[in-house]
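Asker: Before I ask anything, let me first share the structure, which is written out below as structure tokens.
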Amino acid sequence: MQVNKHLLKALITLLVIDVGLLAAFIWWMDATPDVSIAELLIVPTIFIVNLIIGLVIYYSTNYRVIGKAFAYNSVVASLVFHSLFYTWFLYYDRTHFDTFYFNQNGKQFEVLLDKRDTSYSMFEIGDGSTLEFNSGKYEEYQDTIMLGDSTRRLYIYKTHLVGYPKIGDKVILKTEGR
């Protein structure tokens, strides 16, 4: 099987352009995980647009190699977008949230700090369900994070949660896994 060098060059060029444009689009979109359903619209749109461009170029010009490249690129670009979108959400969670986990009295808990608006939520994680039982704003000071307001204060000091009577006086927090 002989590889058409012009087709290969066109495919590589399109791939580089796709990665750049799609990464810029995802960065600009600054999508939150709750809009990940949009991928169901965007991926087919990318596929169809590339396929239409490829067919138009193939049948209306003498540049049939570029038309073929766009047709192949319809699949490649869709896969590239899916991969970049998935990678974005991995990046998004790490840069926008700090999450702490702990176990107390046989129950699992999660403390989620949202860096975008300095809010926090505490959850009890049960049998396939999650129950939020405390939320509010937090403030950061050097090695301490104060959760709550002047009437109700919890502290995260280094690797400990301090001051919540429901779950014990001083609890060791983990940052990975449950």
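Residue numbering restarts at 1 for every chain of the structure tokens, chains are lettered A, B, ... in their displayed order, and ligands are numbered from 1 as they appear.
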Stretch 32-99 of chain A near stretch 22-27 of chain A within 7 Å: what's each residue's closest atom pair and its distance in Å to one decimal, counting only C-alpha atoms, ordered by chain then ascending residue number, as a Markdown table?

Answerer:
| residue | atom | partner | partner_atom | distance |
| --- | --- | --- | --- | --- |
| A:Phe81 | CA | A:Leu22 | CA | 6.2 |
| A:Leu84 | CA | A:Ala23 | CA | 6.6 |
| A:Phe85 | CA | A:Ile26 | CA | 6.9 |

Asker: Restrict the selected residues to N, CA and C atoms and save them as a PDB file, in the first residue's frame.

Answerer:
ATOM      1  N   PHE A  81     -11.568  16.623  19.368  1.00  0.00           N
ATOM      2  CA  PHE A  81     -12.417  17.465  20.221  1.00  0.00           C
ATOM      3  C   PHE A  81     -12.859  16.701  21.461  1.00  0.00           C
ATOM      4  N   LEU A  84      -9.897  16.495  23.841  1.00  0.00           N
ATOM      5  CA  LEU A  84      -9.594  17.787  24.454  1.00  0.00           C
ATOM      6  C   LEU A  84     -10.667  18.192  25.460  1.00  0.00           C
ATOM      7  N   PHE A  85     -11.918  17.909  25.156  1.00  0.00           N
ATOM      8  CA  PHE A  85     -13.027  18.247  26.050  1.00  0.00           C
ATOM      9  C   PHE A  85     -12.894  17.468  27.355  1.00  0.00           C
TER      10      PHE A  85
END

Asker: So that I can check the surroundings of A:Ile46, please list as a PyMOL selection string every protein, DNA and RNA residue that reaches within 9 Å of it, counting only C-alpha atoms and ignoring chain neighbours fewer than 2 positions away.

Answerer: chain A and resi 41-44+48-51+74-75+77-78+81

Asker: Generate the output file for the selected residues, N, CA and C atoms, as a compact mmCIF listing (two decimals), in the first residue's frame.

Answerer:
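Printed below is result_33.txt as written:
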# COMPACT_ATOMS: atom_id res chain seq x y z
N LEU A 41 -23.79 17.81 20.87
CA LEU A 41 -24.09 18.67 19.71
C LEU A 41 -22.85 19.07 18.95
N ILE A 42 -21.78 19.33 19.69
CA ILE A 42 -20.57 19.87 19.06
C ILE A 42 -19.85 18.82 18.21
N VAL A 43 -19.71 17.60 18.72
CA VAL A 43 -18.97 16.56 17.97
C VAL A 43 -19.64 16.26 16.63
N PRO A 44 -20.96 16.03 16.57
CA PRO A 44 -21.56 15.81 15.25
C PRO A 44 -21.44 17.04 14.32
N ILE A 48 -19.88 16.88 10.64
CA ILE A 48 -20.66 17.27 9.45
C ILE A 48 -20.00 18.43 8.71
N VAL A 49 -19.52 19.43 9.43
CA VAL A 49 -18.88 20.59 8.78
C VAL A 49 -17.64 20.14 8.00
N ASN A 50 -16.79 19.31 8.60
CA ASN A 50 -15.60 18.83 7.90
C ASN A 50 -15.97 17.99 6.69
N LEU A 51 -16.99 17.17 6.83
CA LEU A 51 -17.42 16.31 5.72
C LEU A 51 -17.97 17.16 4.57
N SER A 74 -12.89 14.66 9.22
CA SER A 74 -14.18 14.73 9.93
C SER A 74 -14.19 13.77 11.10
N VAL A 75 -13.59 12.61 10.94
CA VAL A 75 -13.50 11.64 12.04
C VAL A 75 -12.41 12.06 13.03
N ALA A 77 -11.04 15.04 13.64
CA ALA A 77 -11.38 16.25 14.39
C ALA A 77 -12.39 15.96 15.49
N SER A 78 -13.35 15.09 15.21
CA SER A 78 -14.34 14.72 16.23
C SER A 78 -13.67 14.03 17.41
N PHE A 81 -11.57 16.62 19.37
CA PHE A 81 -12.42 17.46 20.22
C PHE A 81 -12.86 16.70 21.46

Asker: If you run DSSP on this backbone, which residues of stretch 36-145 of chain A come out as strand (DSSP E or B), and could you give them as a VMD selection string?

Answerer: chain A and resid 97 to 104 107 to 114 119 to 125 130 to 141 144 to 145

Asker: Could you save those same residues with C-alpha atoms as a PDB file, in the first residue's frame?

Answerer:
ATOM      1  CA  PHE A  97     -11.655  23.129  43.280  1.00  0.00           C
ATOM      2  CA  ASP A  98      -9.859  21.776  46.316  1.00  0.00           C
ATOM      3  CA  THR A  99     -11.410  18.612  47.675  1.00  0.00           C
ATOM      4  CA  PHE A 100     -10.793  16.958  51.031  1.00  0.00           C
ATOM      5  CA  TYR A 101     -12.109  13.587  52.192  1.00  0.00           C
ATOM      6  CA  PHE A 102     -12.446  11.993  55.597  1.00  0.00           C
ATOM      7  CA  ASN A 103     -14.136   9.062  57.321  1.00  0.00           C
ATOM      8  CA  GLN A 104     -15.793   9.413  60.706  1.00  0.00           C
ATOM      9  CA  LYS A 107     -19.379   7.446  57.271  1.00  0.00           C
ATOM     10  CA  GLN A 108     -17.588   9.142  54.397  1.00  0.00           C
ATOM     11  CA  PHE A 109     -17.478  12.917  54.064  1.00  0.00           C
ATOM     12  CA  GLU A 110     -16.240  15.380  51.459  1.00  0.00           C
ATOM     13  CA  VAL A 111     -15.332  19.056  51.810  1.00  0.00           C
ATOM     14  CA  LEU A 112     -15.353  20.898  48.476  1.00  0.00           C
ATOM     15  CA  LEU A 113     -13.769  24.359  48.196  1.00  0.00           C
ATOM     16  CA  ASP A 114     -14.714  26.323  45.085  1.00  0.00           C
ATOM     17  CA  SER A 119     -17.649  28.971  48.632  1.00  0.00           C
ATOM     18  CA  TYR A 120     -17.516  25.571  50.288  1.00  0.00           C
ATOM     19  CA  SER A 121     -19.828  22.606  50.653  1.00  0.00           C
ATOM     20  CA  MET A 122     -19.648  19.627  52.973  1.00  0.00           C
ATOM     21  CA  PHE A 123     -21.230  16.368  51.900  1.00  0.00           C
ATOM     22  CA  GLU A 124     -21.989  13.042  53.508  1.00  0.00           C
ATOM     23  CA  ILE A 125     -21.473  10.366  50.889  1.00  0.00           C
ATOM     24  CA  THR A 130     -24.789  12.535  48.422  1.00  0.00           C
ATOM     25  CA  LEU A 131     -26.245  14.736  51.146  1.00  0.00           C
ATOM     26  CA  GLU A 132     -25.048  18.309  51.551  1.00  0.00           C
ATOM     27  CA  PHE A 133     -25.191  19.285  55.210  1.00  0.00           C
ATOM     28  CA  ASN A 134     -23.107  22.438  55.451  1.00  0.00           C
ATOM     29  CA  SER A 135     -22.160  25.194  53.014  1.00  0.00           C
ATOM     30  CA  GLY A 136     -21.104  28.815  52.973  1.00  0.00           C
ATOM     31  CA  LYS A 137     -18.106  31.006  52.255  1.00  0.00           C
ATOM     32  CA  TYR A 138     -14.496  30.405  53.239  1.00  0.00           C
ATOM     33  CA  GLU A 139     -11.461  32.593  53.839  1.00  0.00           C
ATOM     34  CA  GLU A 140      -7.836  31.551  53.444  1.00  0.00           C
ATOM     35  CA  TYR A 141      -5.068  32.567  55.806  1.00  0.00           C
ATOM     36  CA  THR A 144      -5.505  27.821  57.702  1.00  0.00           C
ATOM     37  CA  ILE A 145      -8.830  27.948  55.907  1.00  0.00           C
TER      38      ILE A 145
END

Asker: Could you check the closest approach to A:Asn4 for each of A:Ala69, A:Lys170, A:Val80, A:Arg94 and tell me which residue wins, using only C-alpha atoms?

Answerer: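 Closest to A:Asn4 of all the choices is A:Ala69.
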
Asker: Could you build a table of the residues in stretch 54-148 of chain A lying no more than 8 Å from stretch 10-16 of chain A, giving for each the nearest pair of atoms and their separation in Å rounded to one decimal place, using only C-alpha atoms, ordered by chain and ascending residue number, as CSV?

Answerer:
residue,atom,partner,partner_atom,distance
A:Val65,CA,A:Ala10,CA,7.7
A:Ile66,CA,A:Ala10,CA,6.3
A:Ala69,CA,A:Leu11,CA,5.4
A:Phe70,CA,A:Leu11,CA,7.7
A:Tyr72,CA,A:Leu11,CA,7.8
A:Asn73,CA,A:Leu11,CA,6.9
A:Val76,CA,A:Leu15,CA,7.6
A:Ala77,CA,A:Leu15,CA,7.3

Asker: Any chance you could export the current selection's N, CA and C atoms as a short mmCIF file (atom, residue, chain, number, x, y, z; two decimals), in the first residue's frame?

Answerer:
data_model
loop_
_atom_site.label_atom_id
_atom_site.label_comp_id
_atom_site.auth_asym_id
_atom_site.auth_seq_id
_atom_site.Cartn_x
_atom_site.Cartn_y
_atom_site.Cartn_z
N VAL A 65 -7.20 15.93 -3.31
CA VAL A 65 -6.45 15.43 -2.15
C VAL A 65 -6.89 16.17 -0.90
N ILE A 66 -7.08 17.47 -1.01
CA ILE A 66 -7.52 18.25 0.14
C ILE A 66 -8.95 17.87 0.51
N ALA A 69 -8.70 14.76 2.41
CA ALA A 69 -8.15 15.05 3.74
C ALA A 69 -9.25 15.57 4.67
N PHE A 70 -10.09 16.45 4.18
CA PHE A 70 -11.19 16.95 5.01
C PHE A 70 -12.18 15.84 5.36
N TYR A 72 -11.48 12.62 5.74
CA TYR A 72 -10.85 11.84 6.81
C TYR A 72 -10.81 12.65 8.12
N ASN A 73 -10.57 13.94 7.94
CA ASN A 73 -10.46 14.81 9.10
C ASN A 73 -11.79 14.92 9.87
N VAL A 76 -11.25 12.43 12.50
CA VAL A 76 -10.12 12.80 13.36
C VAL A 76 -10.46 14.01 14.23
N ALA A 77 -11.04 15.04 13.64
CA ALA A 77 -11.38 16.25 14.39
C ALA A 77 -12.39 15.96 15.49
#
